[in-house]
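Structure first, then comments.
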Amino acid sequence: MARLELHHLSKHFGPTVAVSDVTLDIADGEFVVLLGPSGCGKTTTLRMIAGFVAPTAGRVRLGGREVTTLPPWKRNAGMVFQSYALFPHLSVAENVAFGLEMRKIAPAEIKPRVTEALRMVRLEGFAERLPRQLSGGQQQRVALARALAIRPDVLLLDEPLSNLDAKLRETVRVEIRELQRQLGITTVMVTHDQEEALIMADRLVVMSEGEVRQVGSQRDLYERPADRFVAGVVGRSNILPGKVVEPGRFETQGGIRIACAGGQAGPAVIALRPERLALGPAAQGLTNRLHGTVEFVSYLGANIDVHVRVSAADRVVVSQPNRADGRLPSEGDKVEVGWPAEAGVVFAEEAGRPQA
Amino acid sequence: MTASATAGTLQSLAAREMRGGRLSTAGFLIGPATIFVTVGLLFPILFLFRYSLNDFKPGVLMIDAFTIKQYVLFFTDPYFTAAFYRTLRVAVVVTAICVVLAFPLAYVIARTQSRWKHLLIMLVVLPLFVGNAVRAAGWMTLFGNKGFLNVSLQWLGLIDEPLRIMFTETAVIVGILAVNLPYVVLTLQSVIEGIDRAVEEAAFSLGAGPMTMFRRVLLPLALPGFVAGGIFCFILTMNAYATPVLLGGPQFVMMGPLVYIQFAIKSNWPLGSAVAFILMAATLVLTAAANLVVQRRYRR
Ligand SMILES: Nc1ncnc2c1ncn2[C@@H]1O[C@H](COP(=O)(O)OP(=O)(O)OP(=O)(O)O)[C@@H](O)[C@H]1O
Ligand SMILES: [Mg+2]
């Protein structure tokens, strides 16, 4: 259990920049999730922490110790692999005992620690089984027990849930989180599943194309996204392209004028959270009010998405909580959409770099 | 077999098929191979064994009999026992060296992510494009007393007398090694490729260094490859013919050439059969024994 620091960590594979200048300070006992689309460098970052990939530049410190040039077997990082990577020729107990044997722990002490680790993941009765005699979920828990048994300074999880079915994933992610909190172990997890990231993380690191776009809590990312990319990662956003005419005034490509908070004059997009938009009577008295036509309604259960065309070029999605007394708009209805000025977040568009 | 009987057989086969027996399909598929093995392999072996129990008189050649004379002769004559132990020694040494040499190469080929991988495999297989006899002849021109190496060294004044490389046990071992290595490399490579790379990394992350990882994880998991490659190499060496004849010379008699000598040169079919049968039995028994020991040692 220890603090983990990454200083300007980069990795190039020939011309490919897999990870670019990543700096992170992860506190003792913190659960950090690296989140981003496929190929953004999450796994590479994790593997540099574990010691499987030598960084092109930058440093890794673990528990105040410089480990950048140490091989994996000298780092004391417990890793859970996406494929679980259990030793197929060893029983569950032998798998868990492996790391303890490597640490030259007395056999008399290994046994209780294996039992303890298996109890943590609720697999006490499976000690003598071989990995191939276990279900995917059980294998995943053995992998976790094996990584935890060595009492690592940091626990590294590379998409640990991606091979489980949806139902199991929901329970396992809560279990992992509870176990992590209970043990107070510093943890870095990699995922491209937003929901998983939001549920499990103390702090999220949003990555894209090898770079860290934003580091922060769920709330930070939702309420103060650093850019348009992050705005799309946590929750959903209506993105309306256009320009800031003057600070506080935005004009969409469709010609609609919108009051917004701040902004520098120039090409920009405005991001509006669907759930922050009001529809019909609720829009009364709000700064921005637009008239539009309902084009499409999706009934999602807890919420209802209403797609409203507000100009020839602009359409917004309004997410309405599904209440018993709620009236459902239907296609073709004329409605009013409204929101307070501060609900719109403006991102300047750099000419050279479209922010996906 | 009459037509109706055939039809009946087919019908009953079809009925078995309907009952969901996949066995009959399998039977059809392995049938030809089974017949081939029986006719092409089992019968000659039976005949060989029968011949080895016959008697031999120079001039009269084979005499029908039931005697173990040939076997007694083999195991009491130092000429034959020497050939037997020589063959065993060469086979064991070659197999041991081969497996050790093959592993690093097999590992690199299995784990490389280079796009030249197929080229690497081709390079390994390349020596097999040249037949054993041709290759051995090549070695002769290189290592013979008047071969390229000795002539060059003498010309340079580094040696007075030519180095005796040809017609030694070492020459035979090196020669057979070169022939067998590709087989063992390819066998091991395919097994290593089936081992998840992440398993090795898991061992590393749990604190195992490369040597420990190899011993505790890679070796047990690659064991089927070691066994298959080793058996392959052992059998090939036990039965080697061209290489020992060409590189070992007339004094260095191994079992394969010995069979030929007895059959073709001495026209002693009973003894030749006995030698062949002993060679086969020894190969079989040792292979099975080694397999058993390894399996027991690394059970699971
Ligand atoms: N060994 C390698 N050699 C060359 N390029 C690599 C190597 N490993 C990764 N890359 C490249 O580096 C980039 C980042 O890869 P990485 O595996 O870290 O992505 P990721 O965020 O984990 O993606 P995913 O969600 O798909 O697992 C990718 O463009 C990938 O092609
Ligand atoms: Mg990945």
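By order of appearance in the structure tokens: chains A, B, ..., then residues from 1 within every chain, and ligands from 1 in the order shown.
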
Distance limit 8 Å, atoms considered: only C-alpha atoms. Which chain B residues sit that close to chain A? Return them as number ranges by chain. B: 196, 198-199, 201-209, 217, 220-221, 300

How close does each residue of chain A get to ligand 2, giving the shortest atom pair and distance in Å to one decimal for every residue with an atom at most 12 Å away, counting only C-alpha atoms and all ligand atoms, sorted by chain and residue number, as JSON lines?
```
{"residue": "A:Ala18", "atom": "CA", "partner": "ligand 2", "partner_atom_place_in_ligand_line": "1 (Mg)", "distance": 11.1}
{"residue": "A:Leu34", "atom": "CA", "partner": "ligand 2", "partner_atom_place_in_ligand_line": "1 (Mg)", "distance": 10.3}
{"residue": "A:Leu35", "atom": "CA", "partner": "ligand 2", "partner_atom_place_in_ligand_line": "1 (Mg)", "distance": 10.3}
{"residue": "A:Gly36", "atom": "CA", "partner": "ligand 2", "partner_atom_place_in_ligand_line": "1 (Mg)", "distance": 9.8}
{"residue": "A:Pro37", "atom": "CA", "partner": "ligand 2", "partner_atom_place_in_ligand_line": "1 (Mg)", "distance": 9.4}
{"residue": "A:Ser38", "atom": "CA", "partner": "ligand 2", "partner_atom_place_in_ligand_line": "1 (Mg)", "distance": 6.9}
{"residue": "A:Gly39", "atom": "CA", "partner": "ligand 2", "partner_atom_place_in_ligand_line": "1 (Mg)", "distance": 6.9}
{"residue": "A:Cys40", "atom": "CA", "partner": "ligand 2", "partner_atom_place_in_ligand_line": "1 (Mg)", "distance": 8.4}
{"residue": "A:Gly41", "atom": "CA", "partner": "ligand 2", "partner_atom_place_in_ligand_line": "1 (Mg)", "distance": 7.2}
{"residue": "A:Lys42", "atom": "CA", "partner": "ligand 2", "partner_atom_place_in_ligand_line": "1 (Mg)", "distance": 5.8}
{"residue": "A:Thr43", "atom": "CA", "partner": "ligand 2", "partner_atom_place_in_ligand_line": "1 (Mg)", "distance": 4.1}
{"residue": "A:Thr44", "atom": "CA", "partner": "ligand 2", "partner_atom_place_in_ligand_line": "1 (Mg)", "distance": 7.3}
{"residue": "A:Thr45", "atom": "CA", "partner": "ligand 2", "partner_atom_place_in_ligand_line": "1 (Mg)", "distance": 9.3}
{"residue": "A:Leu46", "atom": "CA", "partner": "ligand 2", "partner_atom_place_in_ligand_line": "1 (Mg)", "distance": 8.9}
{"residue": "A:Arg47", "atom": "CA", "partner": "ligand 2", "partner_atom_place_in_ligand_line": "1 (Mg)", "distance": 9.6}
{"residue": "A:Phe81", "atom": "CA", "partner": "ligand 2", "partner_atom_place_in_ligand_line": "1 (Mg)", "distance": 10.1}
{"residue": "A:Gln82", "atom": "CA", "partner": "ligand 2", "partner_atom_place_in_ligand_line": "1 (Mg)", "distance": 8.5}
{"residue": "A:Ser83", "atom": "CA", "partner": "ligand 2", "partner_atom_place_in_ligand_line": "1 (Mg)", "distance": 11.4}
{"residue": "A:Leu157", "atom": "CA", "partner": "ligand 2", "partner_atom_place_in_ligand_line": "1 (Mg)", "distance": 10.4}
{"residue": "A:Asp158", "atom": "CA", "partner": "ligand 2", "partner_atom_place_in_ligand_line": "1 (Mg)", "distance": 6.8}
{"residue": "A:Glu159", "atom": "CA", "partner": "ligand 2", "partner_atom_place_in_ligand_line": "1 (Mg)", "distance": 7.2}
{"residue": "A:Pro160", "atom": "CA", "partner": "ligand 2", "partner_atom_place_in_ligand_line": "1 (Mg)", "distance": 10.6}
{"residue": "A:Ser162", "atom": "CA", "partner": "ligand 2", "partner_atom_place_in_ligand_line": "1 (Mg)", "distance": 10.6}
{"residue": "A:Met189", "atom": "CA", "partner": "ligand 2", "partner_atom_place_in_ligand_line": "1 (Mg)", "distance": 10.6}
{"residue": "A:Val190", "atom": "CA", "partner": "ligand 2", "partner_atom_place_in_ligand_line": "1 (Mg)", "distance": 7.3}
{"residue": "A:Thr191", "atom": "CA", "partner": "ligand 2", "partner_atom_place_in_ligand_line": "1 (Mg)", "distance": 7.7}
{"residue": "A:His192", "atom": "CA", "partner": "ligand 2", "partner_atom_place_in_ligand_line": "1 (Mg)", "distance": 8.6}
{"residue": "A:Asp193", "atom": "CA", "partner": "ligand 2", "partner_atom_place_in_ligand_line": "1 (Mg)", "distance": 11.7}
{"residue": "A:Gly210", "atom": "CA", "partner": "ligand 2", "partner_atom_place_in_ligand_line": "1 (Mg)", "distance": 12.0}
```

Neighbour list for Ile121 in chain B as a ChimeraX atom specification, cut-off 9 Å, only C-alpha atoms, skip fewer than 5 positions in-chain: /B:109,116,126,186

Writing out the chosen residues with N, CA, C and O atoms as an mmCIF file, in the first residue's frame:
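Result file selection-v4.cif:
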```
data_model
loop_
_atom_site.group_PDB
_atom_site.id
_atom_site.type_symbol
_atom_site.label_atom_id
_atom_site.label_comp_id
_atom_site.auth_asym_id
_atom_site.auth_seq_id
_atom_site.Cartn_x
_atom_site.Cartn_y
_atom_site.Cartn_z
ATOM 1 N N ILE B 109 10.991 -17.482 -31.756
ATOM 2 C CA ILE B 109 10.082 -17.526 -32.909
ATOM 3 C C ILE B 109 8.628 -17.456 -32.448
ATOM 4 O O ILE B 109 7.808 -16.749 -33.030
ATOM 5 N N TRP B 116 8.758 -10.448 -39.754
ATOM 6 C CA TRP B 116 9.665 -11.390 -40.427
ATOM 7 C C TRP B 116 9.562 -12.787 -39.838
ATOM 8 O O TRP B 116 10.390 -13.642 -40.095
ATOM 9 N N LEU B 126 14.843 -24.486 -43.617
ATOM 10 C CA LEU B 126 15.701 -24.511 -44.800
ATOM 11 C C LEU B 126 16.640 -25.721 -44.880
ATOM 12 O O LEU B 126 16.711 -26.375 -45.924
ATOM 13 N N LEU B 186 10.437 -26.596 -34.303
ATOM 14 C CA LEU B 186 9.061 -26.368 -34.752
ATOM 15 C C LEU B 186 8.044 -26.986 -33.791
ATOM 16 O O LEU B 186 7.000 -26.401 -33.525
#
```

Given the choices B:Asn150, B:Thr81, B:Thr34, B:Asn180, which gets closest to Asn132 in chain B if the distance is worked out from only C-alpha atoms? B:Asn180

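Separating CA of Ser273 in chain B from CA of Ile176 in chain B is a distance of 24.5 Å.
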
Among the residues of range 121-166 of chain B, find those DSSP assigns to alpha helix (DSSP H) from the backbone and print them as a PyMOL selection string. chain B and resi 121-125+132-143+148-155

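Interatomic distance, CA of Gly263 in chain A against CA of Ile239 in chain A: 15.4 Å.
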
At a cut-off of 6 Å, using only C-alpha atoms, what residues contact Phe31 in chain A? Leave out same-chain residues fewer than 6 positions from it and give the result as a tab-separated table (two decimals) with all heavy atoms, in the first residue's frame.
```tsv
chain	number	residue	atom	x	y	z
A	187	THR	N	-5.05	1.48	-5.97
A	187	THR	CA	-5.49	0.69	-7.12
A	187	THR	C	-5.59	1.54	-8.37
A	187	THR	O	-6.08	2.67	-8.33
A	187	THR	CB	-6.86	0.05	-6.83
A	187	THR	OG1	-6.77	-0.72	-5.64
A	187	THR	CG2	-7.31	-0.83	-7.97
A	201	ALA	N	-14.56	4.37	-9.30
A	201	ALA	CA	-13.41	5.25	-9.08
A	201	ALA	C	-13.60	6.22	-7.92
A	201	ALA	O	-14.69	6.69	-7.64
A	201	ALA	CB	-13.12	6.04	-10.34
A	202	ASP	N	-12.47	6.51	-7.24
A	202	ASP	CA	-12.40	7.69	-6.40
A	202	ASP	C	-12.14	8.88	-7.30
A	202	ASP	O	-12.67	9.96	-7.13
A	202	ASP	CB	-11.22	7.60	-5.42
A	202	ASP	CG	-11.50	6.63	-4.30
A	202	ASP	OD1	-12.65	6.58	-3.85
A	202	ASP	OD2	-10.56	5.91	-3.88
```

Using Å and a single decimal, report how far CA of Arg86 in chain B sits from CA of Ile235 in chain B. 14.5 Å

Top pick for closest residue to Gln139 in chain A, considering A:Asn163, A:Ser298, A:Gln180, A:Thr115 and counting only C-alpha atoms: A:Asn163

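Proximity of B:Ala136, B:Ile192, B:Leu120, B:Leu153 to Phe103 in chain B, computed with only C-alpha atoms, is greatest for B:Ile192.
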
What's the 12 Å shell around Thr87 in chain B, counting only C-alpha atoms, without same-chain residues fewer than 5 positions away, as an mmCIF file with N, CA and C atoms, in the first residue's frame?
```
data_model
loop_
_atom_site.group_PDB
_atom_site.id
_atom_site.type_symbol
_atom_site.label_atom_id
_atom_site.label_comp_id
_atom_site.auth_asym_id
_atom_site.auth_seq_id
_atom_site.Cartn_x
_atom_site.Cartn_y
_atom_site.Cartn_z
ATOM 1 N N PHE B 80 28.578 -56.164 -31.550
ATOM 2 C CA PHE B 80 27.171 -55.759 -31.584
ATOM 3 C C PHE B 80 26.774 -54.922 -30.370
ATOM 4 N N THR B 81 27.210 -55.362 -29.178
ATOM 5 C CA THR B 81 26.842 -54.588 -27.986
ATOM 6 C C THR B 81 27.433 -53.190 -28.075
ATOM 7 N N ALA B 82 28.638 -53.081 -28.615
ATOM 8 C CA ALA B 82 29.255 -51.756 -28.756
ATOM 9 C C ALA B 82 28.391 -50.881 -29.652
ATOM 10 N N VAL B 92 20.900 -40.322 -26.853
ATOM 11 C CA VAL B 92 20.635 -39.572 -25.623
ATOM 12 C C VAL B 92 21.322 -38.211 -25.672
ATOM 13 N N VAL B 93 22.592 -38.215 -26.087
ATOM 14 C CA VAL B 93 23.344 -36.953 -26.126
ATOM 15 C C VAL B 93 22.713 -35.986 -27.129
ATOM 16 N N VAL B 94 22.421 -36.494 -28.312
ATOM 17 C CA VAL B 94 21.829 -35.630 -29.339
ATOM 18 C C VAL B 94 20.500 -35.057 -28.850
ATOM 19 N N THR B 95 19.675 -35.915 -28.251
ATOM 20 C CA THR B 95 18.362 -35.463 -27.791
ATOM 21 C C THR B 95 18.510 -34.382 -26.720
ATOM 22 N N GLU B 169 32.896 -39.607 -33.128
ATOM 23 C CA GLU B 169 31.556 -39.573 -32.553
ATOM 24 C C GLU B 169 31.026 -38.144 -32.575
ATOM 25 N N VAL B 172 29.504 -37.221 -35.833
ATOM 26 C CA VAL B 172 28.182 -37.836 -36.007
ATOM 27 C C VAL B 172 27.135 -37.078 -35.190
ATOM 28 N N ILE B 173 27.500 -36.762 -33.932
ATOM 29 C CA ILE B 173 26.545 -36.059 -33.063
ATOM 30 C C ILE B 173 26.184 -34.704 -33.660
ATOM 31 N N ILE B 176 23.961 -35.212 -36.835
ATOM 32 C CA ILE B 176 22.560 -35.584 -36.564
ATOM 33 C C ILE B 176 21.821 -34.412 -35.923
ATOM 34 N N PHE B 234 14.869 -38.401 -30.487
ATOM 35 C CA PHE B 234 15.432 -39.668 -30.028
ATOM 36 C C PHE B 234 15.208 -40.765 -31.075
ATOM 37 N N ILE B 235 13.978 -40.852 -31.561
ATOM 38 C CA ILE B 235 13.661 -41.887 -32.557
ATOM 39 C C ILE B 235 14.466 -41.670 -33.833
ATOM 40 N N LEU B 236 14.530 -40.416 -34.274
ATOM 41 C CA LEU B 236 15.286 -40.109 -35.492
ATOM 42 C C LEU B 236 16.751 -40.499 -35.333
ATOM 43 N N THR B 237 17.305 -40.236 -34.146
ATOM 44 C CA THR B 237 18.722 -40.523 -33.932
ATOM 45 C C THR B 237 18.978 -42.028 -33.816
ATOM 46 N N MET B 238 18.126 -42.710 -33.067
ATOM 47 C CA MET B 238 18.274 -44.163 -32.929
ATOM 48 C C MET B 238 18.327 -44.816 -34.310
ATOM 49 N N ASN B 239 17.518 -44.306 -35.220
ATOM 50 C CA ASN B 239 17.389 -44.946 -36.533
ATOM 51 C C ASN B 239 18.209 -44.258 -37.619
ATOM 52 N N ALA B 240 19.064 -43.297 -37.211
ATOM 53 C CA ALA B 240 19.829 -42.540 -38.211
ATOM 54 C C ALA B 240 20.632 -43.500 -39.086
ATOM 55 N N TYR B 241 20.715 -43.173 -40.363
ATOM 56 C CA TYR B 241 21.482 -44.032 -41.258
ATOM 57 C C TYR B 241 22.565 -43.262 -42.011
ATOM 58 N N PRO B 244 25.482 -41.244 -39.772
ATOM 59 C CA PRO B 244 26.547 -42.045 -39.165
ATOM 60 C C PRO B 244 27.435 -42.744 -40.193
ATOM 61 N N GLY B 248 30.575 -40.931 -39.727
ATOM 62 C CA GLY B 248 31.193 -41.800 -38.725
ATOM 63 C C GLY B 248 32.216 -42.751 -39.330
ATOM 64 N N PHE B 252 32.644 -46.631 -37.161
ATOM 65 C CA PHE B 252 31.624 -46.108 -36.252
ATOM 66 C C PHE B 252 30.260 -46.658 -36.647
ATOM 67 N N VAL B 253 30.004 -47.889 -36.209
ATOM 68 C CA VAL B 253 28.763 -48.545 -36.639
ATOM 69 C C VAL B 253 27.639 -48.272 -35.645
ATOM 70 N N MET B 254 26.552 -47.755 -36.159
ATOM 71 C CA MET B 254 25.354 -47.583 -35.336
ATOM 72 C C MET B 254 24.311 -48.608 -35.783
ATOM 73 N N MET B 255 23.215 -48.662 -35.051
ATOM 74 C CA MET B 255 22.239 -49.736 -35.268
ATOM 75 C C MET B 255 21.595 -49.691 -36.644
ATOM 76 N N GLY B 256 21.266 -48.511 -37.123
ATOM 77 C CA GLY B 256 20.612 -48.394 -38.429
ATOM 78 C C GLY B 256 21.469 -49.011 -39.526
ATOM 79 N N PRO B 257 22.707 -48.519 -39.663
ATOM 80 C CA PRO B 257 23.608 -49.107 -40.663
ATOM 81 C C PRO B 257 23.841 -50.600 -40.419
ATOM 82 N N LEU B 258 23.833 -51.025 -39.155
ATOM 83 C CA LEU B 258 24.082 -52.427 -38.834
ATOM 84 C C LEU B 258 23.018 -53.345 -39.449
ATOM 85 N N ILE B 278 15.604 -55.514 -32.153
ATOM 86 C CA ILE B 278 16.178 -54.957 -30.918
ATOM 87 C C ILE B 278 16.154 -53.430 -30.970
ATOM 88 N N LEU B 279 16.520 -52.896 -32.122
ATOM 89 C CA LEU B 279 16.532 -51.436 -32.290
ATOM 90 C C LEU B 279 15.132 -50.871 -32.045
ATOM 91 N N ALA B 282 14.073 -51.329 -28.324
ATOM 92 C CA ALA B 282 14.793 -50.417 -27.437
ATOM 93 C C ALA B 282 14.229 -49.003 -27.582
ATOM 94 N N THR B 283 14.015 -48.575 -28.822
ATOM 95 C CA THR B 283 13.478 -47.234 -29.068
ATOM 96 C C THR B 283 12.122 -47.080 -28.394
#
```

When DSSP works through the backbone of this structure, what residues of range 53-155 of chain A end up as strand (DSSP E or B), shown as an NGL selection string? :A and (57-62 or 65-66 or 77-80 or 154-155)

Using only C-alpha atoms and all ligand atoms, can you tell me which of B:Arg111, B:Thr243, B:Ile261, B:Gln70 comes closest to ligand 1?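 Distance minimum relative to ligand 1 lands on B:Arg111.
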
Identify, on the basis of only C-alpha atoms, every residue whose closest approach to Thr187 in chain B does not exceed 12 Å; exclude the query and any residue fewer than 2 positions from it along the same chain; express the result as a ChimeraX atom specification. /B:98-99,102-103,105-107,109-110,121,124-125,180-185,189-194,222-233

Between A:Leu6, A:Leu221, A:Met48, A:Val17, which has the minimum distance to Val60 in chain A (counting only C-alpha atoms)? A:Leu6

Within 8 Å of range 281-294 of chain A, counting only C-alpha atoms, which residues qualify if same-chain residues fewer than 6 places away don't, as a compact mmCIF listing (two decimals) with N, CA, C and O atoms, in the first residue's frame?
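Here's the written file selection-v6.txt:
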```txt
# COMPACT_ATOMS: atom_id res chain seq x y z
N ILE A 258 -27.82 32.28 -28.28
CA ILE A 258 -27.96 31.66 -26.97
C ILE A 258 -27.13 32.45 -25.97
O ILE A 258 -26.00 32.83 -26.26
N ALA A 259 -27.70 32.67 -24.79
CA ALA A 259 -26.92 33.28 -23.71
C ALA A 259 -26.11 32.18 -23.03
O ALA A 259 -26.62 31.10 -22.78
N VAL A 306 -36.54 13.23 -25.44
CA VAL A 306 -37.35 13.90 -26.45
C VAL A 306 -36.40 14.65 -27.37
O VAL A 306 -35.62 15.49 -26.92
N HIS A 307 -36.42 14.28 -28.65
CA HIS A 307 -35.55 14.95 -29.62
C HIS A 307 -36.33 16.10 -30.23
O HIS A 307 -37.38 15.89 -30.83
N VAL A 308 -35.81 17.33 -30.04
CA VAL A 308 -36.54 18.52 -30.49
C VAL A 308 -35.72 19.27 -31.52
O VAL A 308 -34.53 19.58 -31.29
N ARG A 309 -36.33 19.56 -32.69
CA ARG A 309 -35.63 20.37 -33.67
C ARG A 309 -35.91 21.83 -33.35
O ARG A 309 -37.06 22.25 -33.27
N VAL A 310 -34.81 22.60 -33.11
CA VAL A 310 -34.98 24.00 -32.73
C VAL A 310 -34.62 24.95 -33.86
O VAL A 310 -34.90 26.14 -33.81
N SER A 311 -33.89 24.42 -34.89
CA SER A 311 -33.66 25.21 -36.10
C SER A 311 -33.37 24.21 -37.20
O SER A 311 -33.22 23.02 -36.93
N PRO A 329 -44.83 13.94 -24.55
CA PRO A 329 -45.01 14.65 -25.82
C PRO A 329 -45.00 13.63 -26.96
O PRO A 329 -44.46 12.55 -26.81
N SER A 330 -45.60 13.97 -28.07
CA SER A 330 -45.56 13.06 -29.20
C SER A 330 -45.00 13.77 -30.42
O SER A 330 -44.91 15.01 -30.45
N GLU A 331 -44.61 12.99 -31.41
CA GLU A 331 -43.98 13.54 -32.60
C GLU A 331 -44.85 14.61 -33.24
O GLU A 331 -46.06 14.45 -33.35
N GLY A 332 -44.20 15.71 -33.63
CA GLY A 332 -44.93 16.79 -34.30
C GLY A 332 -45.43 17.86 -33.35
O GLY A 332 -45.82 18.94 -33.80
N ASP A 333 -45.39 17.60 -32.04
CA ASP A 333 -45.82 18.62 -31.07
C ASP A 333 -44.93 19.85 -31.14
O ASP A 333 -43.72 19.74 -31.31
N LYS A 334 -45.55 21.02 -31.01
CA LYS A 334 -44.76 22.26 -30.88
C LYS A 334 -44.45 22.42 -29.39
O LYS A 334 -45.37 22.36 -28.56
N VAL A 335 -43.17 22.56 -29.07
CA VAL A 335 -42.81 22.67 -27.65
C VAL A 335 -41.82 23.81 -27.45
O VAL A 335 -41.20 24.30 -28.41
N GLU A 336 -41.63 24.17 -26.18
CA GLU A 336 -40.62 25.16 -25.84
C GLU A 336 -39.54 24.46 -25.02
O GLU A 336 -39.85 23.69 -24.10
N VAL A 337 -38.25 24.70 -25.39
CA VAL A 337 -37.12 24.14 -24.65
C VAL A 337 -36.40 25.28 -23.96
O VAL A 337 -36.19 26.33 -24.58
N GLY A 338 -36.04 25.10 -22.70
CA GLY A 338 -35.37 26.19 -22.00
C GLY A 338 -34.27 25.70 -21.08
O GLY A 338 -34.26 24.54 -20.65
N TRP A 339 -33.31 26.61 -20.82
CA TRP A 339 -32.25 26.30 -19.85
C TRP A 339 -31.60 27.58 -19.35
O TRP A 339 -31.60 28.59 -20.06
N PRO A 340 -31.06 27.55 -18.15
CA PRO A 340 -30.36 28.72 -17.64
C PRO A 340 -29.02 28.89 -18.36
O PRO A 340 -28.43 27.90 -18.81
N ALA A 341 -28.55 30.12 -18.48
CA ALA A 341 -27.33 30.41 -19.23
C ALA A 341 -26.16 29.55 -18.77
O ALA A 341 -25.38 29.04 -19.57
```

Listing only residues of chain B within 12 Å of ligand 1, what is the closest atom pair and its distance in Å (to one decimal) for each, using only C-alpha atoms and all ligand atoms, sorted by chain and residue number ascending, as CSV?
```
residue,atom,partner,partner_atom_place_in_ligand_line,distance
B:Arg111,CA,ligand 1,1 (N),11.7
B:Thr112,CA,ligand 1,1 (N),10.5
B:Gln113,CA,ligand 1,1 (N),8.1
B:Ser114,CA,ligand 1,3 (N),9.7
B:Arg115,CA,ligand 1,3 (N),11.8
```

Dump C-alpha atoms for the selected residues as a CSV table (one decimal), in the first residue's frame?
```csv
chain,number,residue,atom,x,y,z
B,111,ARG,CA,7.0,-14.8,-29.1
B,112,THR,CA,8.3,-12.5,-31.8
B,113,GLN,CA,5.9,-9.9,-33.0
B,114,SER,CA,8.1,-9.1,-36.0
B,115,ARG,CA,6.6,-9.3,-39.4
```

Counting only C-alpha atoms, which residue out of B:Pro104, B:Gly27, B:Gly175, B:Gly59 sits closest to Asn268 in chain B? B:Gly59
